[in-house]
$ cat structure_30.cif   # mmCIF, C-alpha atoms and all ligand atoms
data_coords
loop_
_atom_site.label_atom_id
_atom_site.label_comp_id
_atom_site.auth_asym_id
_atom_site.auth_seq_id
_atom_site.Cartn_x
_atom_site.Cartn_y
_atom_site.Cartn_z
CA MET A 1 0.00 0.00 0.00
CA ASN A 2 1.39 3.42 -0.91
CA LEU A 3 1.57 6.39 1.44
CA ARG A 4 -1.70 7.86 0.15
CA GLY A 5 -3.50 4.57 0.73
CA GLU A 6 -2.14 4.34 4.28
CA LEU A 7 -3.21 7.92 4.98
CA ASP A 8 -6.73 7.16 3.75
CA LEU A 9 -6.85 4.12 5.99
CA VAL A 10 -5.76 6.13 9.05
CA ARG A 11 -8.28 8.87 8.22
CA ALA A 12 -11.08 6.32 7.94
CA MET A 13 -10.07 4.79 11.28
CA VAL A 14 -10.05 8.22 12.96
CA GLU A 15 -13.49 9.01 11.50
CA ARG A 16 -14.85 5.72 12.78
CA LEU A 17 -13.40 6.38 16.25
CA GLU A 18 -14.87 9.92 16.25
CA ALA A 19 -18.29 8.60 15.24
CA LYS A 20 -18.09 6.02 18.04
CA ALA A 21 -17.02 8.70 20.54
CA ASP A 22 -20.01 10.84 19.51
CA ASP A 23 -22.34 7.91 19.98
CA SER A 24 -21.07 7.27 23.49
CA ASP A 25 -21.84 10.89 24.46
CA PRO A 26 -25.60 11.55 24.34
CA VAL A 27 -25.05 15.32 24.24
CA ALA A 28 -22.70 15.22 21.24
CA TRP A 29 -25.06 12.76 19.54
CA ALA A 30 -28.07 15.05 20.04
CA ASN A 31 -26.25 18.28 19.17
CA ALA A 32 -25.12 16.79 15.87
CA ARG A 33 -28.76 16.12 15.01
CA LEU A 34 -30.50 19.27 16.26
CA ASP A 35 -31.27 21.89 13.68
CA GLY A 36 -30.11 25.46 14.36
CA PHE A 37 -29.26 25.21 18.07
CA THR A 38 -27.47 23.05 20.61
CA LEU A 39 -28.72 21.77 23.95
CA ALA A 40 -28.68 24.18 26.90
CA PRO A 41 -26.67 23.11 29.98
CA TRP A 42 -29.85 22.00 31.80
CA GLN A 43 -30.79 19.84 28.80
CA GLU A 44 -27.27 18.39 28.77
CA ARG A 45 -27.67 17.43 32.45
CA VAL A 46 -30.88 15.60 31.59
CA MET A 47 -29.23 13.77 28.67
CA ARG A 48 -26.39 12.63 30.95
CA ASP A 49 -28.53 11.68 33.95
CA GLU A 50 -28.27 7.90 34.29
CA ALA A 51 -30.93 7.59 37.02
CA THR A 52 -33.76 5.14 36.39
CA ARG A 53 -36.30 7.64 37.72
CA ILE A 54 -36.05 11.28 36.60
CA SER A 55 -38.43 14.16 37.31
CA LEU A 56 -38.10 17.58 35.70
CA LYS A 57 -40.08 20.68 36.57
CA CYS A 58 -39.63 23.23 33.79
CA PRO A 59 -41.12 26.53 32.57
CA ARG A 60 -43.24 26.73 29.43
CA ARG A 61 -41.35 26.77 26.12
CA SER A 62 -38.12 25.86 27.89
CA GLY A 63 -37.29 22.91 25.64
CA LYS A 64 -38.64 19.98 27.65
CA SER A 65 -40.29 18.26 24.67
CA THR A 66 -37.06 18.76 22.72
CA VAL A 67 -34.97 17.04 25.39
CA THR A 68 -37.57 14.28 25.80
CA ALA A 69 -37.39 13.58 22.06
CA ALA A 70 -33.57 13.70 22.11
CA LEU A 71 -33.30 11.31 25.05
CA ALA A 72 -35.81 8.85 23.67
CA ALA A 73 -34.19 8.94 20.22
CA TYR A 74 -30.71 8.43 21.70
CA GLU A 75 -31.70 5.64 24.07
CA SER A 76 -33.55 3.79 21.33
CA ALA A 77 -31.10 4.33 18.45
CA VAL A 78 -27.82 3.95 20.34
CA ARG A 79 -28.60 1.87 23.43
CA GLY A 80 -31.36 -0.22 21.91
CA VAL A 81 -33.86 0.67 24.64
CA PRO A 82 -37.47 0.89 23.41
CA SER A 83 -39.36 4.08 24.29
CA VAL A 84 -42.94 4.78 25.19
CA ILE A 85 -43.78 8.49 25.18
CA ALA A 86 -47.08 10.02 26.25
CA ALA A 87 -48.29 13.59 25.91
CA PRO A 88 -51.70 15.02 26.85
CA SER A 89 -52.81 16.04 23.36
CA PHE A 90 -52.50 14.66 19.87
CA ARG A 91 -50.78 17.86 18.74
CA GLN A 92 -48.08 17.41 21.41
CA SER A 93 -47.50 13.72 20.69
CA ARG A 94 -47.30 14.37 16.94
CA TRP A 95 -44.73 17.12 17.61
CA LEU A 96 -42.66 14.65 19.65
CA ALA A 97 -42.87 11.97 16.96
CA ASP A 98 -41.81 14.49 14.28
CA LYS A 99 -38.90 15.66 16.45
CA ILE A 100 -37.73 12.10 17.04
CA GLU A 101 -37.93 11.36 13.34
CA GLN A 102 -35.84 14.48 12.59
CA MET A 103 -33.17 13.26 15.01
CA LEU A 104 -32.91 9.79 13.56
CA ARG A 105 -30.63 9.48 10.55
CA GLY A 106 -30.74 6.25 8.69
CA GLU A 107 -31.84 4.51 11.90
CA LEU A 108 -35.54 4.74 11.07
CA VAL A 109 -37.04 1.86 9.13
CA GLN A 110 -40.72 2.66 9.38
CA ARG A 111 -43.04 5.24 10.91
CA SER A 112 -46.74 4.65 11.21
CA ALA A 113 -49.00 7.16 12.97
CA ASN A 114 -47.48 6.83 16.43
CA ARG A 115 -45.06 3.96 16.22
CA MET A 116 -41.52 4.05 14.85
CA THR A 117 -39.38 1.02 14.09
CA LEU A 118 -35.61 1.46 14.06
CA THR A 119 -32.91 -0.49 12.22
CA ASN A 120 -31.85 -2.12 15.52
CA GLY A 121 -35.38 -3.49 15.94
CA CYS A 122 -36.27 -1.03 18.71
CA GLU A 123 -39.69 0.55 18.70
CA VAL A 124 -40.66 4.06 19.79
CA HIS A 125 -44.33 4.53 20.67
CA VAL A 126 -45.72 8.04 20.95
CA LEU A 127 -49.13 8.02 22.60
CA THR A 128 -51.79 10.52 23.49
CA SER A 129 -53.16 10.51 27.02
CA ASN A 130 -56.80 9.68 27.61
CA ARG A 131 -56.89 7.69 24.38
CA ASP A 132 -54.47 4.87 24.72
CA SER A 133 -53.14 2.87 27.67
CA GLY A 134 -49.97 1.72 25.91
CA ARG A 135 -50.60 -1.81 27.17
CA GLY A 136 -48.35 -4.33 25.50
CA ALA A 137 -45.47 -1.89 24.98
CA GLY A 138 -42.36 -2.27 27.20
CA GLY A 139 -39.50 0.18 27.49
CA SER A 140 -38.47 3.48 29.03
CA VAL A 141 -41.50 5.66 29.67
CA TYR A 142 -41.37 9.41 29.05
CA LEU A 143 -44.34 11.43 30.29
CA ASP A 144 -44.36 14.89 28.69
CA GLU A 145 -46.52 17.50 30.50
CA CYS A 146 -46.96 14.82 33.15
CA ALA A 147 -48.96 17.09 35.48
CA TRP A 148 -51.63 17.24 32.75
CA LEU A 149 -51.75 13.56 31.87
CA ASP A 150 -54.74 11.53 32.88
CA PRO A 151 -53.76 9.68 36.14
CA ALA A 152 -55.12 6.43 34.72
CA THR A 153 -52.77 6.72 31.74
CA ILE A 154 -49.79 7.24 34.06
CA THR A 155 -50.77 4.21 36.14
CA ALA A 156 -51.19 2.10 33.01
CA LEU A 157 -47.85 3.10 31.50
CA ILE A 158 -45.51 2.79 34.51
CA PRO A 159 -45.44 -1.07 34.46
CA ALA A 160 -43.85 -0.82 30.97
CA THR A 161 -40.59 -0.03 32.82
CA ALA A 162 -40.71 -3.15 35.03
CA SER A 163 -39.21 -5.86 32.84
CA ASP A 164 -35.65 -4.62 32.26
CA SER A 165 -33.23 -2.71 34.53
CA ARG A 166 -32.36 -0.38 31.62
CA PHE A 167 -35.96 0.83 31.35
CA ARG A 168 -36.47 4.25 32.93
CA LEU A 169 -39.31 6.48 33.96
CA VAL A 170 -38.93 10.15 33.03
CA MET A 171 -41.55 12.68 34.07
CA LEU A 172 -41.39 16.24 32.70
CA SER A 173 -43.85 19.03 33.20
CA THR A 174 -44.74 22.55 34.00
CA PRO A 175 -46.32 22.34 37.45
CA GLY A 176 -49.98 21.61 38.04
CA LEU A 177 -51.93 21.24 41.25
CA PRO A 178 -49.82 20.07 44.22
CA ARG A 179 -50.95 16.45 44.10
CA GLY A 180 -50.66 13.40 41.86
CA ALA A 181 -47.78 11.41 40.39
CA PHE A 182 -45.77 14.35 39.08
CA TYR A 183 -46.02 16.32 42.33
CA GLU A 184 -45.03 13.18 44.29
CA SER A 185 -42.02 12.61 42.01
CA GLN A 186 -40.70 16.06 42.90
CA GLN A 187 -40.62 15.39 46.64
CA ASP A 188 -37.34 14.71 48.46
CA ASP A 189 -38.03 11.07 49.33
CA SER A 190 -39.51 10.11 45.94
CA GLY A 191 -36.49 8.17 44.70
CA PHE A 192 -36.45 10.33 41.56
CA SER A 193 -33.47 12.32 40.35
CA VAL A 194 -35.12 15.75 40.51
CA HIS A 195 -34.27 18.64 38.16
CA ASN A 196 -35.76 22.08 38.71
CA VAL A 197 -35.29 24.26 35.66
CA THR A 198 -35.74 28.02 35.98
CA VAL A 199 -36.20 30.76 33.40
CA GLU A 200 -32.59 31.77 34.08
CA ASP A 201 -31.48 28.32 32.86
CA VAL A 202 -33.15 28.89 29.48
CA GLY A 203 -31.10 30.89 27.03
CA HIS A 204 -33.63 31.29 24.19
CA TYR A 205 -36.41 33.41 25.76
CA THR A 206 -36.70 36.75 24.04
CA ASP A 207 -38.76 39.07 26.30
CA LEU A 208 -39.65 37.74 29.73
CA GLU A 209 -40.80 41.15 30.97
CA GLN A 210 -43.41 41.31 28.21
CA LEU A 211 -44.43 37.73 28.97
CA LYS A 212 -44.86 38.66 32.63
CA ARG A 213 -47.23 41.46 31.64
CA ASP A 214 -49.11 39.20 29.21
CA LEU A 215 -49.52 36.26 31.57
CA GLY A 216 -50.30 38.19 34.74
CA ALA A 217 -50.96 35.78 37.64
CA ARG A 218 -50.22 32.78 35.43
CA TYR A 219 -46.57 33.76 35.11
CA ALA A 220 -45.83 32.30 38.55
CA VAL A 221 -47.06 28.85 37.50
CA GLU A 222 -46.10 28.73 33.84
CA MET A 223 -42.71 30.41 34.06
CA GLU A 224 -41.63 30.46 37.73
CA CYS A 225 -42.84 26.87 38.17
CA GLU A 226 -44.81 27.46 41.35
CA TRP A 227 -47.38 24.79 42.09
CA MET A 228 -50.83 25.90 41.12
CA PRO A 229 -52.82 27.10 44.13
CA ALA A 230 -55.47 24.57 45.19
CA ALA A 231 -59.07 25.39 44.21
CA ALA A 232 -59.77 26.69 47.71
CA GLY A 233 -56.83 29.06 47.51
CA VAL A 234 -56.08 32.20 45.59
CA PHE A 235 -57.69 31.12 42.32
CA ALA A 236 -61.36 30.44 41.76
CA GLY A 237 -62.28 27.17 40.01
CA ALA A 238 -63.01 28.97 36.75
CA ASP A 239 -59.50 30.45 36.74
CA ILE A 240 -57.96 27.02 37.20
CA ASP A 241 -60.07 25.68 34.33
CA SER A 242 -58.83 28.45 32.09
CA MET A 243 -55.22 27.73 33.18
CA LEU A 244 -55.69 24.11 32.20
CA GLY A 245 -57.14 25.29 28.92
CA ALA A 246 -54.03 27.34 28.30
CA PHE A 247 -51.88 24.26 28.75
CA MET A 248 -54.01 21.80 26.86
CA PRO A 249 -55.50 23.27 23.71
CA VAL A 250 -56.79 19.94 22.38
CA GLU A 251 -58.81 20.45 19.24
CA ALA A 252 -61.73 18.12 18.63
CA SER A 253 -60.73 17.51 15.02
CA GLU A 254 -57.26 16.37 16.13
CA ASP A 255 -58.78 14.01 18.67
CA GLU A 256 -60.97 12.52 15.98
CA THR A 257 -57.97 12.06 13.71
CA GLN A 258 -56.08 10.38 16.54
CA SER A 259 -58.98 8.06 17.14
CA GLU A 260 -58.83 7.05 13.48
CA LEU A 261 -55.07 6.67 13.57
CA LEU A 262 -55.14 4.43 16.62
CA LYS A 263 -57.30 1.84 14.91
CA GLY A 264 -55.37 -1.37 14.39
CA PHE A 265 -52.36 -0.53 16.52
CA GLY A 266 -53.19 -3.28 18.98
CA LEU A 267 -51.70 -1.38 21.88
N1 LIG B 1 -31.47 24.61 23.70
C1 LIG B 1 -32.30 25.30 22.92
N2 LIG B 1 -31.85 26.42 22.30
C2 LIG B 1 -32.67 27.16 21.49
N3 LIG B 1 -33.95 26.82 21.23
C3 LIG B 1 -34.44 25.72 21.83
C4 LIG B 1 -33.66 24.91 22.71
N4 LIG B 1 -34.43 23.88 23.15
C5 LIG B 1 -35.64 24.03 22.57
N5 LIG B 1 -35.64 25.13 21.78
C6 LIG B 1 -36.77 25.65 20.99
O1 LIG B 1 -37.67 26.25 21.91
C7 LIG B 1 -39.02 26.01 21.49
C8 LIG B 1 -39.75 25.28 22.60
O2 LIG B 1 -39.19 23.99 22.71
P1 LIG B 1 -40.07 22.77 23.24
O3 LIG B 1 -41.32 22.65 22.47
O4 LIG B 1 -39.15 21.60 23.33
O5 LIG B 1 -40.38 23.33 24.71
P2 LIG B 1 -41.50 22.90 25.74
O6 LIG B 1 -40.98 23.28 27.08
O7 LIG B 1 -41.85 21.48 25.51
O8 LIG B 1 -42.67 23.88 25.29
P3 LIG B 1 -44.24 23.82 25.72
O9 LIG B 1 -44.31 24.47 27.06
O10 LIG B 1 -44.96 24.59 24.65
O11 LIG B 1 -44.62 22.35 25.75
C9 LIG B 1 -38.93 25.19 20.19
O12 LIG B 1 -39.04 26.06 19.10
C10 LIG B 1 -37.54 24.57 20.27
O13 LIG B 1 -37.02 24.29 18.99
MG MG B 2 -43.74 20.59 25.18
#

$ encode --input "structure_30.cif" --output "structure tokens"
Amino acid sequence: MNLRGELDLVRAMVERLEAKADDSDPVAWANARLDGFTLAPWQERVMRDEATRISLKCPRRSGKSTVTAALAAYESAVRGVPSVIAAPSFRQSRWLADKIEQMLRGELVQRSANRMTLTNGCEVHVLTSNRDSGRGAGGSVYLDECAWLDPATITALIPATASDSRFRLVMLSTPGLPRGAFYESQQDDSGFSVHNVTVEDVGHYTDLEQLKRDLGARYAVEMECEWMPAAAGVFAGADIDSMLGAFMPVEASEDETQSELLKGFGL
């Protein structure tokens, strides 16, 4: 082999080693696949958290669905761990599925409404709360906007993590009322690795002062991540309903579409 041939061989070996090094680092893997930005330090901490139970309380628009998609895509594509992701509305679960698809390169064999099959045989299920129990699917469970998921859906999905020590439970949300599975996961003795993300941790907000004026009393919950006052407290029931509405703009037509799409999944 001449010198040029040897150089090409060495270059190919270095490239292979670099690709392998990237794969072993979930942050490098995700950053190489995100379009137009890289993960913020708080998102990097989530990607590198090896705990089997993780709970994240985050402001609105902070990037929690992005990091959920990145983690699920990485775990499934690189570590071969199947993922089950649930979000409260069809719009949110479709966004997650699209984001995961964007992050997979050549690893995706097939995508049907809310199930993806990867080249390594792993499956990623993206479900909508209140519509689908996810029964029959095993893997790491990611609950996006967990405080707003139907409690019965949470209870039905958690056993999916039981059959393999690599399977994890990750709950992410803006806060809701101070009760339920997400609230419990945030408590000191919950056994969860708890992350509390603040607006200061998020680098991409443009005008928080304007947002504060726009949101009024809701700013404390949606951006400062304070637990929502109980119905008997500061807010009247109607206000709490409208807060929930702000978080969960489920459109009837989308729900109908989801219902159609779920036919035949056998989940
Ligand atoms: N590290 C980042 N740097 C810059 N932009 C980001 C980053 N992470 C996410 N984003 C962008 O911020 C926006 C919100 O991200 P995402 O939907 O993941 O947040 P979210 O907390 O799930 O929002 P929501 O409260 O609406 O559910 C998206 O446009 C996303 O591309
Ligand atoms: Mg989101």

$ closest_atom_pairs --input "structure_30.cif" --of "chain A" --to "ligand LIG 1 (chain B)" --cutoff "9 Å" --atoms "all atoms listed in the file" --output "Markdown table"
| residue | atom | partner | partner_atom | distance |
| --- | --- | --- | --- | --- |
| A:Leu34 | CA | B:LIG1 | O13 | 8.7 |
| A:Asp35 | CA | B:LIG1 | O13 | 8.2 |
| A:Gly36 | CA | B:LIG1 | C2 | 7.8 |
| A:Phe37 | CA | B:LIG1 | N2 | 5.1 |
| A:Thr38 | CA | B:LIG1 | N1 | 5.3 |
| A:Leu39 | CA | B:LIG1 | N1 | 4.0 |
| A:Ala40 | CA | B:LIG1 | N1 | 4.3 |
| A:Pro41 | CA | B:LIG1 | N1 | 8.0 |
| A:Trp42 | CA | B:LIG1 | N1 | 8.7 |
| A:Gln43 | CA | B:LIG1 | N1 | 7.0 |
| A:Cys58 | CA | B:LIG1 | O6 | 6.8 |
| A:Pro59 | CA | B:LIG1 | O6 | 6.4 |
| A:Arg60 | CA | B:LIG1 | O9 | 3.4 |
| A:Arg61 | CA | B:LIG1 | O8 | 3.3 |
| A:Ser62 | CA | B:LIG1 | O6 | 3.9 |
| A:Gly63 | CA | B:LIG1 | O4 | 3.2 |
| A:Lys64 | CA | B:LIG1 | O6 | 4.1 |
| A:Ser65 | CA | B:LIG1 | O7 | 3.7 |
| A:Thr66 | CA | B:LIG1 | O4 | 3.6 |
| A:Val67 | CA | B:LIG1 | O4 | 6.5 |
| A:Thr68 | CA | B:LIG1 | O4 | 7.9 |
| A:Ala69 | CA | B:LIG1 | O4 | 8.3 |
| A:Gln92 | CA | B:LIG1 | O11 | 7.4 |
| A:Trp95 | CA | B:LIG1 | O3 | 8.1 |
| A:Leu96 | CA | B:LIG1 | O3 | 8.6 |
| A:Asp144 | CA | B:LIG1 | O7 | 7.7 |
| A:Glu145 | CA | B:LIG1 | O11 | 7.0 |
| A:Leu172 | CA | B:LIG1 | O7 | 8.9 |
| A:Ser173 | CA | B:LIG1 | O6 | 8.0 |
| A:Thr174 | CA | B:LIG1 | O9 | 7.2 |
| A:Val202 | CA | B:LIG1 | N1 | 7.4 |
| A:Gly203 | CA | B:LIG1 | N2 | 6.6 |
| A:His204 | CA | B:LIG1 | C2 | 5.0 |
| A:Tyr205 | CA | B:LIG1 | O1 | 8.2 |
| A:Glu222 | CA | B:LIG1 | O9 | 8.2 |
| A:Phe247 | CA | B:LIG1 | O9 | 7.8 |

$ residues_around --input "structure_30.cif" --residues "segment 103-118 of chain A" --least-positions-apart "4" --cutoff "8 Å" --atoms "only C-alpha atoms" --output "NGL selection string"
:A and (30 or 33-34 or 70 or 73 or 76-77 or 94 or 97 or 99 or 122-127 or 261-262)

$ atom_distance --input "structure_30.cif" --atom1 "atom CA of Gly191 of chain A" --atom2 "atom CA of Ala86 of chain A"
21.4 Å

$ closest_residue --input "structure_30.cif" --among "A:Phe182, A:Ala147, A:Met171, A:Leu71" --to "Val46 of chain A" --atoms "all atoms listed in the file"
A:Leu71

$ atom_distance --input "structure_30.cif" --atom1 "atom CA of Glu184 of chain A" --atom2 "atom CA of Ser55 of chain A"
9.7 Å

$ closest_residue --input "structure_30.cif" --among "A:Tyr74, A:Asn2, A:Gly121, A:Arg166" --to "Asp25 of chain A" --atoms "only C-alpha atoms"
A:Tyr74

$ closest_residue --input "structure_30.cif" --among "A:Ala156, A:Gln102, A:Trp227, A:Ile54" --to "Leu177 of chain A" --atoms "only C-alpha atoms"
A:Trp227

$ closest_residue --input "structure_30.cif" --among "A:Leu169, A:Met223, A:Ile100, A:Leu143" --to "Asp49 of chain A" --atoms "all atoms listed in the file"
A:Leu169

$ atom_distance --input "structure_30.cif" --atom1 "atom CA of Phe192 of chain A" --atom2 "atom CA of Arg168 of chain A"
10.6 Å

$ axis_aligned_box --input "structure_30.cif" --around "segment 168-179 of chain A" --padding-each-side "6 Å" --output "lines of an AutoDock Vina configuration file"
center_x = -44.2
center_y = 13.4
center_z = 38.5
size_x = 27.5
size_y = 30.3
size_z = 23.5

$ closest_residue --input "structure_30.cif" --among "A:Val141, A:Cys146, A:Ala220, A:Ala181" --to "Thr52 of chain A" --atoms "only C-alpha atoms"
A:Val141

$ closest_residue --input "structure_30.cif" --among "A:Pro82, A:Pro178, A:Gly139, A:Pro88" --to "ligand MG 2 (chain B)" --atoms "all atoms listed in the file"
A:Pro88

$ build_atoms --input "structure_30.cif" --residues "segment 93-123 of chain A" --atoms "N, CA and C atoms" --output "compact mmCIF listing (two decimals), keeping the file's coordinate frame"
# COMPACT_ATOMS: atom_id res chain seq x y z
N SER A 93 -48.17 14.99 20.99
CA SER A 93 -47.50 13.72 20.69
C SER A 93 -47.02 13.69 19.24
N ARG A 94 -47.76 14.32 18.33
CA ARG A 94 -47.30 14.37 16.94
C ARG A 94 -46.01 15.18 16.82
N TRP A 95 -45.94 16.29 17.60
CA TRP A 95 -44.73 17.12 17.61
C TRP A 95 -43.54 16.28 18.06
N LEU A 96 -43.74 15.50 19.12
CA LEU A 96 -42.66 14.65 19.65
C LEU A 96 -42.22 13.62 18.62
N ALA A 97 -43.21 12.99 17.96
CA ALA A 97 -42.87 11.97 16.96
C ALA A 97 -42.09 12.61 15.81
N ASP A 98 -42.52 13.80 15.38
CA ASP A 98 -41.81 14.49 14.28
C ASP A 98 -40.37 14.81 14.70
N LYS A 99 -40.24 15.28 15.95
CA LYS A 99 -38.90 15.66 16.45
C LYS A 99 -37.98 14.44 16.50
N ILE A 100 -38.53 13.32 16.97
CA ILE A 100 -37.73 12.10 17.04
C ILE A 100 -37.32 11.68 15.63
N GLU A 101 -38.25 11.75 14.72
CA GLU A 101 -37.93 11.36 13.34
C GLU A 101 -36.81 12.24 12.78
N GLN A 102 -36.89 13.56 13.07
CA GLN A 102 -35.84 14.48 12.59
C GLN A 102 -34.47 14.09 13.13
N MET A 103 -34.46 13.55 14.38
CA MET A 103 -33.17 13.26 15.01
C MET A 103 -32.59 11.92 14.58
N LEU A 104 -33.41 11.09 14.01
CA LEU A 104 -32.91 9.79 13.56
C LEU A 104 -32.39 9.93 12.13
N ARG A 105 -31.21 9.39 11.91
CA ARG A 105 -30.63 9.48 10.55
C ARG A 105 -30.28 8.08 10.08
N GLY A 106 -31.04 7.60 9.18
CA GLY A 106 -30.74 6.25 8.69
C GLY A 106 -31.10 5.15 9.68
N GLU A 107 -31.49 5.55 10.91
CA GLU A 107 -31.84 4.51 11.90
C GLU A 107 -33.31 4.17 11.86
N LEU A 108 -34.09 4.94 11.08
CA LEU A 108 -35.54 4.74 11.07
C LEU A 108 -35.93 3.86 9.89
N VAL A 109 -36.60 2.75 10.20
CA VAL A 109 -37.04 1.86 9.13
C VAL A 109 -38.44 2.22 8.70
N GLN A 110 -39.29 2.49 9.70
CA GLN A 110 -40.72 2.66 9.38
C GLN A 110 -41.36 3.58 10.42
N ARG A 111 -42.24 4.45 9.97
CA ARG A 111 -43.04 5.24 10.91
C ARG A 111 -44.51 5.12 10.51
N SER A 112 -45.29 4.65 11.45
CA SER A 112 -46.74 4.65 11.21
C SER A 112 -47.34 5.49 12.32
N ALA A 113 -48.44 6.09 12.14
CA ALA A 113 -49.00 7.16 12.97
C ALA A 113 -48.26 7.44 14.28
N ASN A 114 -48.21 6.51 15.20
CA ASN A 114 -47.48 6.83 16.43
C ASN A 114 -46.54 5.72 16.87
N ARG A 115 -46.05 4.98 15.91
CA ARG A 115 -45.06 3.96 16.22
C ARG A 115 -43.92 4.05 15.22
N MET A 116 -42.68 4.06 15.74
CA MET A 116 -41.52 4.05 14.85
C MET A 116 -40.73 2.78 15.06
N THR A 117 -40.23 2.20 13.99
CA THR A 117 -39.38 1.02 14.09
C THR A 117 -38.00 1.40 13.58
N LEU A 118 -36.98 1.07 14.39
CA LEU A 118 -35.61 1.46 14.06
C LEU A 118 -34.85 0.27 13.47
N THR A 119 -33.71 0.58 12.86
CA THR A 119 -32.91 -0.49 12.22
C THR A 119 -32.46 -1.54 13.24
N ASN A 120 -32.28 -1.14 14.51
CA ASN A 120 -31.85 -2.12 15.52
C ASN A 120 -33.03 -2.91 16.09
N GLY A 121 -34.21 -2.73 15.50
CA GLY A 121 -35.38 -3.49 15.94
C GLY A 121 -36.17 -2.81 17.05
N CYS A 122 -35.59 -1.75 17.62
CA CYS A 122 -36.27 -1.03 18.71
C CYS A 122 -37.52 -0.32 18.20
N GLU A 123 -38.50 -0.22 19.07
CA GLU A 123 -39.69 0.55 18.70
C GLU A 123 -39.83 1.77 19.61
